[in-house]
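Enquirer: First the structure, then my questions, so here it is.
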Amino acid sequence: MKWTVFFAWLLMSFNINAASLIIKNVAGTEKTLTFEQIISLPVSEYTTDLPWTPEANTYTGVSLIELLQSQGITEAKAVILYGLNNYAAVIQMSDIKKYKPIIAYYKNSKPMKIRNKGPFWLILPLDQYAELNTPYYYTQMVWQLEKIEVIAND
């Protein structure tokens with residue numbers, strides 16, 4: 001009986017700790033996407049050096065554009081990215097379209113844990129665009145991402 005209760009608790013704890021991401025559209029409506037829903041979207045991948053890692057790593061995820069489009073969001077001025085620690089950064093839609101950042105959920109083919117900047121991390125392809133290697137763009141790469149808020153065009 002003890003083992004049955006333990007295994008039931010263990011199975012429930014996976015659901016409690018499952019990763020999710022909130023998308024808030026311009027009307028203010030929030031939708032929570034599960035990890036499974038996010039990884040079912042088209043996959044993008046970058047191998048890049050980042051200021052916070054000692055070497056280049058391969059990040060796998062969904063492009064931010066694809067994620068927004070999957071929620072019916074095709075026009076916006078910008079998005080605000082919120083981390084679990086209440087850090088927030090704004091990224092302009094023009095930069096999203098030009099640089100095609102991804103919402104990474106795997107680092108070197110492994111899920112990212114919260115202690116390793118996961119479960120979601122906005123990654124810009126720094127090695128592909130020299131102009132991205134500045135503090136301005138570093139601040140936009142929000143890790144432990146929990147919410148994306150869409151800002152309407154003027």
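Identifiers in this document derive from the order of the structure tokens: chains are assigned A, B, ..., residues are numbered from 1 separately in each chain, and ligands are numbered from 1 in order of occurrence.
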Would you mind listing what lies within 8 Å of A:Glu149 as a ChimeraX atom specification, with only C-alpha atoms counted and same-chain residues fewer than 6 positions away left out?
Expert: /A:23-26,79-81
Enquirer: Can you spit out the residues from that selection as a short mmCIF file (atom, residue, chain, number, x, y, z; two decimals), in the first residue's frame, using N, CA and C atoms?
Expert:
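Saved as again_38.cif:
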data_model
loop_
_atom_site.label_atom_id
_atom_site.label_comp_id
_atom_site.auth_asym_id
_atom_site.auth_seq_id
_atom_site.Cartn_x
_atom_site.Cartn_y
_atom_site.Cartn_z
N ILE A 23 0.65 32.95 -22.95
CA ILE A 23 0.65 33.94 -24.03
C ILE A 23 -0.52 34.88 -23.77
N LYS A 24 -0.22 36.17 -23.66
CA LYS A 24 -1.27 37.18 -23.46
C LYS A 24 -1.39 37.99 -24.75
N ASN A 25 -2.56 37.91 -25.39
CA ASN A 25 -2.74 38.62 -26.66
C ASN A 25 -3.09 40.09 -26.44
N VAL A 26 -3.26 40.84 -27.53
CA VAL A 26 -3.51 42.29 -27.42
C VAL A 26 -4.84 42.60 -26.75
N VAL A 79 6.74 42.45 -28.18
CA VAL A 79 6.30 41.54 -27.14
C VAL A 79 7.13 41.81 -25.89
N ILE A 80 6.51 41.56 -24.76
CA ILE A 80 7.21 41.64 -23.48
C ILE A 80 7.40 40.21 -23.00
N LEU A 81 8.63 39.88 -22.64
CA LEU A 81 8.96 38.55 -22.15
C LEU A 81 9.17 38.64 -20.64
#
Enquirer: List every residue of stretch 1-137 of chain A that DSSP, applied to the backbone, labels as strand (DSSP E), and write the result as a PyMOL selection string.
Expert: chain A and resi 20-24+30-34+44-48+57-63+78-83+88-92+102-107+110-111+121-123
Enquirer: Name the residues in contact with stretch 60-68 of chain A at a cut-off of 6 Å, using only C-alpha atoms, excluding same-chain residues fewer than 3 positions from it; report them as a list in words.
Expert: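 Listed by chain and then number, they are Val43, Ser44, Glu45, Gln71, Ile73, Pro101, Ile102, Ile103, Ala104, Tyr105 and Tyr106 of chain A.
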Enquirer: Keeping only N, CA, C and O atoms, write the selected residues as a JSON list (two decimals), in the first residue's frame.
Expert:
[["chain", "number", "residue", "atom", "x", "y", "z"],
["A", 43, "VAL", "N", 9.93, 22.84, -35.41],
["A", 43, "VAL", "CA", 11.17, 22.93, -34.64],
["A", 43, "VAL", "C", 12.20, 23.80, -35.36],
["A", 43, "VAL", "O", 12.38, 23.71, -36.57],
["A", 44, "SER", "N", 12.86, 24.65, -34.57],
["A", 44, "SER", "CA", 13.99, 25.45, -35.05],
["A", 44, "SER", "C", 15.17, 25.17, -34.13],
["A", 44, "SER", "O", 14.99, 24.81, -32.96],
["A", 45, "GLU", "N", 16.38, 25.38, -34.65],
["A", 45, "GLU", "CA", 17.57, 25.05, -33.86],
["A", 45, "GLU", "C", 18.69, 26.01, -34.21],
["A", 45, "GLU", "O", 18.88, 26.36, -35.38],
["A", 71, "GLN", "N", -1.03, 31.00, -32.27],
["A", 71, "GLN", "CA", -2.08, 31.54, -31.41],
["A", 71, "GLN", "C", -2.90, 32.61, -32.12],
["A", 71, "GLN", "O", -3.64, 33.37, -31.48],
["A", 73, "ILE", "N", -1.76, 35.23, -33.69],
["A", 73, "ILE", "CA", -1.16, 36.56, -33.56],
["A", 73, "ILE", "C", -0.24, 36.78, -34.74],
["A", 73, "ILE", "O", 0.80, 36.12, -34.87],
["A", 101, "PRO", "N", 14.32, 34.84, -33.40],
["A", 101, "PRO", "CA", 14.67, 34.17, -32.14],
["A", 101, "PRO", "C", 13.80, 32.94, -31.91],
["A", 101, "PRO", "O", 12.69, 32.86, -32.45],
["A", 102, "ILE", "N", 14.31, 32.03, -31.14],
["A", 102, "ILE", "CA", 13.54, 30.84, -30.78],
["A", 102, "ILE", "C", 13.26, 30.82, -29.29],
["A", 102, "ILE", "O", 14.00, 31.41, -28.50],
["A", 103, "ILE", "N", 12.18, 30.16, -28.95],
["A", 103, "ILE", "CA", 11.91, 29.82, -27.55],
["A", 103, "ILE", "C", 12.47, 28.42, -27.37],
["A", 103, "ILE", "O", 11.86, 27.43, -27.80],
["A", 104, "ALA", "N", 13.67, 28.35, -26.81],
["A", 104, "ALA", "CA", 14.35, 27.06, -26.67],
["A", 104, "ALA", "C", 13.79, 26.29, -25.49],
["A", 104, "ALA", "O", 13.49, 26.87, -24.44],
["A", 105, "TYR", "N", 13.68, 24.98, -25.69],
["A", 105, "TYR", "CA", 13.27, 24.09, -24.61],
["A", 105, "TYR", "C", 14.27, 22.95, -24.42],
["A", 105, "TYR", "O", 14.20, 22.22, -23.43],
["A", 106, "TYR", "N", 15.20, 22.80, -25.36],
["A", 106, "TYR", "CA", 16.28, 21.82, -25.23],
["A", 106, "TYR", "C", 17.61, 22.52, -25.41],
["A", 106, "TYR", "O", 17.75, 23.41, -26.27]]
Enquirer: So that I can check the surroundings of A:Pro119, please list as a list in words every protein, DNA and RNA residue that reaches within 10 Å of it, counting only C-alpha atoms and ignoring chain neighbours fewer than 3 positions away.
Expert: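 The residues satisfying every condition are Ala18, Ala19, Ser20, Leu21, Phe35, Ile103, Ala104, Tyr105, Tyr106, Lys107, Pro111, Met112, Lys113, Ile114, Arg115, Asn116, Trp143, Gln144, Leu145 and Glu146 of chain A.
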Enquirer: A:Asn153: which residues within 7 Å, counting only C-alpha atoms, same-chain residues fewer than 2 positions away excluded, as a CSV table (one decimal) with C-alpha atoms, in the first residue's frame?
Expert:
chain,number,residue,atom,x,y,z
A,76,ALA,CA,2.1,43.4,-33.1
A,77,LYS,CA,4.4,46.2,-32.3
A,151,ILE,CA,1.8,44.7,-27.5
Enquirer: Kindly indicate which residue among A:Leu124, A:Leu33, A:Ile96, A:Ile91 lies nearest to A:Tyr46, using only C-alpha atoms for the distances.
Expert: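 The answer is A:Leu124, which sits nearest to A:Tyr46.
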Enquirer: As a list in words, please: every residue in stretch 67-97 of chain A that a backbone DSSP assignment puts in alpha helix (DSSP H).
Expert: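 Put together, the selection reads Leu67, Leu68, Gln69, Ser70, Met93, Ser94, Asp95, Ile96 and Lys97 of chain A.
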